[in-house]
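A.B. asks: Here you go, start.cif (mmCIF, C-alpha atoms):
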data_upload
loop_
_atom_site.label_atom_id
_atom_site.label_comp_id
_atom_site.auth_asym_id
_atom_site.auth_seq_id
_atom_site.Cartn_x
_atom_site.Cartn_y
_atom_site.Cartn_z
CA MET E 24 73.10 -46.86 30.17
CA TRP E 25 74.16 -48.87 33.16
CA VAL E 26 76.76 -51.50 33.93
CA TYR E 27 76.02 -54.14 36.56
CA GLU E 28 78.50 -54.84 39.33
CA LYS E 29 78.22 -58.37 40.72
CA LYS E 30 78.26 -57.22 44.34
CA LEU E 31 75.93 -55.51 46.80
CA GLN E 32 76.67 -51.98 47.96
CA TYR E 33 76.92 -53.51 51.44
CA PRO E 34 76.96 -57.30 51.94
CA VAL E 35 73.74 -58.92 53.22
CA LYS E 36 74.10 -62.16 55.22
CA ILE E 37 71.02 -63.08 57.23
CA LYS E 38 71.34 -66.30 59.21
CA ASN E 39 67.80 -66.61 60.59
CA PRO E 40 64.79 -66.36 58.26
CA ASN E 41 62.01 -64.14 59.61
CA PRO E 42 58.94 -63.84 57.36
CA ALA E 43 57.14 -61.44 59.72
CA LEU E 44 60.06 -59.01 59.40
CA ALA E 45 60.22 -59.55 55.62
CA LYS E 46 56.58 -58.48 55.37
CA ILE E 47 57.41 -55.14 57.01
CA ILE E 48 60.70 -54.54 55.18
CA MET E 49 58.86 -55.17 51.90
CA SER E 50 57.62 -51.57 52.04
CA GLN E 51 61.19 -50.31 51.68
CA TYR E 52 61.33 -52.24 48.40
CA GLY E 53 58.06 -51.43 46.67
CA GLY E 54 56.09 -49.31 49.14
CA PRO E 55 55.09 -45.62 48.90
CA ASP E 56 58.44 -44.40 50.27
CA GLY E 57 60.60 -47.28 49.07
CA GLU E 58 63.78 -47.54 47.04
CA LEU E 59 62.02 -48.32 43.75
CA GLY E 60 60.05 -45.09 44.03
CA ALA E 61 63.21 -43.18 44.95
CA SER E 62 65.20 -44.45 41.97
CA LEU E 63 62.36 -43.86 39.47
CA ARG E 64 61.70 -40.41 40.93
CA TYR E 65 65.29 -39.22 40.41
CA LEU E 66 65.93 -41.02 37.16
CA SER E 67 62.70 -39.62 35.64
CA GLN E 68 63.07 -36.04 36.89
CA ARG E 69 66.63 -35.62 35.64
CA TYR E 70 65.65 -35.18 31.97
CA SER E 71 64.07 -31.80 32.47
CA MET E 72 66.59 -30.39 34.95
CA PRO E 73 67.87 -27.02 33.73
CA TYR E 74 71.37 -27.22 35.27
CA PRO E 75 74.10 -29.76 34.52
CA GLU E 76 74.94 -30.21 38.23
CA LEU E 77 71.36 -31.35 38.81
CA LYS E 78 71.37 -33.75 35.85
CA ALA E 79 74.57 -35.23 37.27
CA ILE E 80 73.39 -35.57 40.85
CA LEU E 81 69.94 -36.96 40.00
CA THR E 82 71.57 -39.50 37.68
CA ASP E 83 74.09 -40.54 40.34
CA ILE E 84 71.65 -40.61 43.27
CA GLY E 85 69.06 -42.47 41.17
CA THR E 86 71.74 -45.02 40.38
CA GLU E 87 72.66 -45.38 44.04
CA GLU E 88 68.96 -45.88 44.90
CA LEU E 89 68.96 -48.88 42.55
CA ALA E 90 71.84 -50.31 44.60
CA HIS E 91 69.72 -49.75 47.74
CA LEU E 92 66.78 -51.51 46.04
CA GLU E 93 69.02 -54.50 45.38
CA MET E 94 70.14 -54.68 49.03
CA VAL E 95 66.54 -54.56 50.28
CA GLY E 96 65.61 -57.26 47.76
CA ALA E 97 68.46 -59.41 49.10
CA ILE E 98 67.24 -58.86 52.67
CA ILE E 99 63.69 -59.95 51.79
CA TYR E 100 64.97 -62.93 49.81
CA GLN E 101 67.16 -64.13 52.68
CA LEU E 102 64.48 -63.54 55.34
CA THR E 103 62.05 -65.82 53.49
CA ARG E 104 64.24 -68.87 52.84
CA ASN E 105 63.28 -72.44 53.74
CA LEU E 106 59.90 -71.65 55.28
CA THR E 107 57.34 -74.26 56.27
CA PRO E 108 53.61 -73.64 55.60
CA GLU E 109 53.17 -73.27 59.39
CA GLU E 110 55.85 -70.57 59.62
CA ILE E 111 54.29 -68.69 56.69
CA LYS E 112 50.84 -68.76 58.33
CA ALA E 113 52.14 -67.83 61.79
CA ALA E 114 53.98 -64.81 60.32
CA GLY E 115 50.86 -63.62 58.51
CA MET E 116 52.67 -64.06 55.21
CA ASP E 117 50.02 -66.40 53.74
CA ALA E 118 48.20 -63.57 51.92
CA TYR E 119 51.45 -62.60 50.17
CA PHE E 120 52.44 -66.22 49.56
CA VAL E 121 49.26 -67.12 47.70
CA ASP E 122 50.10 -64.61 44.96
CA HIS E 123 53.92 -64.54 44.94
CA THR E 124 55.15 -67.54 46.96
CA THR E 125 58.56 -66.31 48.16
CA GLY E 126 59.26 -64.30 45.00
CA VAL E 127 60.35 -60.73 45.69
CA TYR E 128 57.51 -58.53 44.40
CA PRO E 129 57.42 -54.72 44.68
CA ALA E 130 54.52 -54.00 47.01
CA SER E 131 53.91 -52.19 50.29
CA ALA E 132 53.74 -53.93 53.67
CA ALA E 133 49.94 -53.90 53.33
CA GLY E 134 50.23 -55.68 49.96
CA VAL E 135 49.48 -52.72 47.67
CA PRO E 136 51.45 -53.25 44.42
CA PHE E 137 54.01 -50.60 43.52
CA THR E 138 52.54 -47.71 41.55
CA ALA E 139 54.12 -44.71 39.81
CA ALA E 140 51.47 -42.65 41.63
CA TYR E 141 53.96 -42.67 44.55
CA ILE E 142 56.27 -40.33 42.62
CA GLN E 143 56.03 -37.09 40.73
CA SER E 144 57.93 -35.58 37.82
CA LYS E 145 56.70 -32.10 37.01
CA GLY E 146 59.35 -30.70 34.70
CA ASP E 147 59.87 -27.78 37.05
CA VAL E 148 63.10 -27.61 38.97
CA LEU E 149 61.77 -26.15 42.22
CA THR E 150 58.69 -28.37 42.28
CA ASP E 151 60.74 -31.51 41.67
CA LEU E 152 63.45 -30.65 44.20
CA HIS E 153 60.80 -29.95 46.84
CA GLU E 154 59.19 -33.29 46.02
CA ASN E 155 62.59 -34.91 46.60
CA LEU E 156 63.21 -33.16 49.90
CA ALA E 157 59.78 -34.29 51.11
CA ALA E 158 60.40 -37.84 49.87
CA GLU E 159 63.73 -38.06 51.70
CA GLN E 160 62.01 -36.97 54.92
CA LYS E 161 59.63 -39.89 54.55
CA GLN E 162 62.02 -42.72 53.77
CA MET U 25 83.72 -64.06 58.04
CA ASN U 26 85.83 -65.85 55.44
CA GLU U 27 88.63 -64.33 53.34
CA LYS U 28 86.39 -63.66 50.35
CA GLN U 29 83.83 -61.83 52.49
CA GLU U 30 86.50 -59.79 54.23
CA LEU U 31 87.94 -58.70 50.91
CA MET U 32 84.47 -57.77 49.60
CA LYS U 33 83.72 -55.81 52.76
CA LYS U 34 86.90 -53.75 52.27
CA ILE U 35 85.95 -53.10 48.64
CA ALA U 36 82.41 -52.10 49.67
CA THR U 37 83.84 -49.69 52.25
CA TYR U 38 86.04 -47.88 49.72
CA ASP U 39 83.32 -47.98 47.09
CA PHE U 40 80.79 -46.41 49.44
CA ALA U 41 83.17 -43.51 50.05
CA ILE U 42 83.77 -43.26 46.29
CA VAL U 43 80.04 -43.09 45.52
CA GLU U 44 79.41 -40.43 48.17
CA LEU U 45 82.45 -38.33 47.19
CA ASN U 46 81.25 -38.48 43.59
CA LEU U 47 77.82 -37.17 44.66
CA TYR U 48 79.48 -34.32 46.53
CA LEU U 49 81.68 -33.48 43.55
CA ASP U 50 78.60 -33.28 41.29
CA THR U 51 77.78 -30.00 43.00
CA HIS U 52 81.31 -29.05 44.18
CA PRO U 53 83.46 -30.03 41.19
CA THR U 54 86.40 -27.78 42.13
CA ASP U 55 86.95 -29.09 45.68
CA ARG U 56 90.57 -30.27 45.47
CA ASP U 57 90.55 -32.02 48.82
CA ALA U 58 87.54 -34.14 47.83
CA LYS U 59 89.11 -34.90 44.44
CA ARG U 60 92.32 -36.03 46.14
CA LYS U 61 90.39 -38.30 48.48
CA LEU U 62 88.39 -39.73 45.58
CA ALA U 63 91.57 -40.52 43.61
CA ASP U 64 93.12 -42.16 46.68
CA PHE U 65 90.08 -44.36 47.34
CA GLU U 66 89.74 -45.22 43.63
CA GLU U 67 93.30 -46.48 43.62
CA LYS U 68 92.87 -48.52 46.80
CA SER U 69 89.57 -50.00 45.63
CA GLY U 70 91.11 -50.78 42.23
CA VAL U 71 93.89 -52.87 43.77
CA LEU U 72 91.41 -54.81 45.93
CA ARG U 73 88.98 -55.29 43.04
CA ALA U 74 91.74 -56.72 40.85
CA GLU U 75 92.67 -59.14 43.64
CA TYR U 76 89.01 -60.16 44.15
CA GLU U 77 88.37 -60.68 40.43
CA GLU U 78 91.56 -62.74 40.11
CA LYS U 79 90.60 -65.01 43.02
CA TYR U 80 86.80 -65.20 42.86
CA GLY U 81 85.60 -64.06 39.44
CA PRO U 82 84.41 -60.89 37.77
CA ILE U 83 82.63 -57.99 39.47
CA ILE U 84 82.09 -56.31 36.08
CA PHE U 85 81.90 -58.72 33.12
CA ARG U 86 84.10 -56.58 30.91
CA ASP U 87 87.01 -56.80 33.32
CA THR U 88 87.53 -60.49 32.61
CA PRO U 89 85.85 -61.48 29.32
CA GLU U 90 87.76 -64.78 29.35
CA LYS U 91 85.92 -65.75 32.53
CA ARG U 92 82.46 -65.98 30.99
CA MET U 93 81.60 -69.06 33.02
CA CYS U 94 82.62 -67.29 36.24
CA TRP U 95 80.27 -64.40 35.48
CA ILE U 96 77.31 -66.76 35.32
CA LYS U 97 78.44 -68.83 38.28
CA ASN U 98 76.84 -68.80 41.76
CA PRO U 99 76.85 -67.18 44.21
CA TRP U 100 75.06 -64.06 42.98
CA PRO U 101 75.22 -61.13 45.39
CA TRP U 102 71.93 -61.97 47.14
CA ASP U 103 72.76 -65.66 47.61
CA LEU U 104 73.63 -67.05 51.01
CA CYS U 105 76.27 -69.78 50.82
CA GLU U 106 76.53 -72.81 53.08
CA GLU U 107 79.84 -71.56 54.48
CA ASP U 108 78.25 -68.22 55.38
#
Re-express the file's structure as structure tokens.

C.D. replies:
Amino acid sequence: MWVYEKKLQYPVKIKNPNPALAKIIMSQYGGPDGELGASLRYLSQRYSMPYPELKAILTDIGTEELAHLEMVGAIIYQLTRNLTPEEIKAAGMDAYFVDHTTGVYPASAAGVPFTAAYIQSKGDVLTDLHENLAAEQKQ
Amino acid sequence: MNEKQELMKKIATYDFAIVELNLYLDTHPTDRDAKRKLADFEEKSGVLRAEYEEKYGPIIFRDTPEKRMCWIKNPWPWDLCEED
């Protein structure tokens, strides 16, 4: 189980909204190499790990990835505050806005919704750890 | 940066070290130096967390069950306040 802490791992305070930047950063939230994929990857793989050290570290890293996900969500949320229709269009955020307005939705920068196909959980320790090494190279 | 934000930044700094030391100890559970550092940071973070919760409301709801209204209250961690 988890217990929520009412704080971010590192505070996020963005003074100037920037929807064009939000569109790009979105991929770190719900894109192919984003924090949602990272947390689900580790938290799913840990069940079949054969050594207790690995169950511990995948649980703890997966938990930390959720804290990263929350920070990226806060960044997107703050970058898309108080926008006018003109600003949304000029930033190329209109295609996102029509489906989600300024809600934070897990998708890639190109608008592809998050999918579990971004991760793997094979039940084999070497396969899964290699998957994780490769994933960390990409994010 | 106001007083509340400064206090939270200090907590976040200790807590980051705590999280990372804990990850290291998952695979090096007998490292006494790391365990000493972890205990030291836990203590320092604990003092600051108690001060923060006393002044600004709960970080973990169980710490201050009598402050139910404060748990619900804005700002939530992703909110940007006027004074920010």

A.B. asks: Could you please select, counting all atoms listed in the file, the residues of chain E within 8 Å of chain U and state them as a ChimeraX atom specification?

C.D. replies: /E:26-37,76-77,79-80,83-84,87,94,96-98,100-101

A.B. asks: For Leu44 in chain E, work out the shell of residues within 12 Å, counting all atoms listed in the file and skipping chain neighbours fewer than 2 positions away, then give it as a compact mmCIF listing (two decimals) with C-alpha atoms, in the coordinates of the input.

C.D. replies:
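This went into around_22.txt:
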# COMPACT_ATOMS: atom_id res chain seq x y z
CA ILE E 37 71.02 -63.08 57.23
CA ASN E 39 67.80 -66.61 60.59
CA PRO E 40 64.79 -66.36 58.26
CA ASN E 41 62.01 -64.14 59.61
CA PRO E 42 58.94 -63.84 57.36
CA LYS E 46 56.58 -58.48 55.37
CA ILE E 47 57.41 -55.14 57.01
CA ILE E 48 60.70 -54.54 55.18
CA MET E 49 58.86 -55.17 51.90
CA SER E 50 57.62 -51.57 52.04
CA GLN E 51 61.19 -50.31 51.68
CA ILE E 98 67.24 -58.86 52.67
CA ILE E 99 63.69 -59.95 51.79
CA TYR E 100 64.97 -62.93 49.81
CA GLN E 101 67.16 -64.13 52.68
CA LEU E 102 64.48 -63.54 55.34
CA THR E 103 62.05 -65.82 53.49
CA ILE E 111 54.29 -68.69 56.69
CA ALA E 114 53.98 -64.81 60.32
CA GLY E 115 50.86 -63.62 58.51
CA MET E 116 52.67 -64.06 55.21
CA ALA E 132 53.74 -53.93 53.67

A.B. asks: Work out how far apart CA of Gly53 in chain E and CA of Gln68 in chain E are and give it in Å to one decimal.

C.D. replies: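 Separation between CA of Gly53 in chain E and CA of Gln68 in chain E: 18.9 Å.
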
A.B. asks: So that I can see what lies close to range 71-74 of chain E, please list as a list in words the residues with an atom at most 9 Å from it, counting all atoms listed in the file and leaving out residues fewer than 2 positions away in the same chain.

C.D. replies: Ser67, Gln68, Arg69, Glu76, Leu77, Lys78, Ala79, Leu81, Ser144, Lys145, Gly146, Asp147, Val148 and Asp151 of chain E

A.B. asks: I'd like the neighbourhood of Ala157 in chain E as a list in words, where a residue qualifies if any of its atoms comes within 12 Å (using all atoms listed in the file), though same-chain residues fewer than 3 positions away should be ignored.

C.D. replies: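 Contacts, in chain order: Asp56, Ala61, Ile142, Gln143, Thr150, Asp151, Leu152, His153, Glu154, Gln160, Lys161 and Gln162 of chain E.
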
A.B. asks: On this structure, the PyMOL selection byres ((chain E and resi 59) around 12) would catch which residues? List them as a PyMOL selection string, sorted by chain and number.

C.D. replies: chain E and resi 49-58+60-67+85-96+128-131+136-139+141-142+162

A.B. asks: From the list U:Ile96, U:Lys91, U:Ala58, U:Leu45, which residue is nearest Lys79 in chain U when using all atoms listed in the file?

C.D. replies: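 Looking at the shortest contact to Lys79 in chain U, the residue is U:Lys91.
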
A.B. asks: Point out the residue among E:Glu159, E:Val135, E:Asn105, E:Ala43 with the least atom-to-atom distance to Asp117 in chain E, counting all atoms listed in the file.

C.D. replies: E:Ala43

A.B. asks: Counting all atoms listed in the file, select every polymer residue within 8 Å of (88.3, -53.1, 45.6) as defined in the file's coordinates, and provide the selection as a list in words.

C.D. replies: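 The distance filter leaves exactly Leu31, Met32, Lys34, Ile35, Ala36, Tyr38, Asp39, Lys68, Ser69, Gly70, Val71, Leu72, Arg73, Ala74, Glu75 and Tyr76 of chain U.
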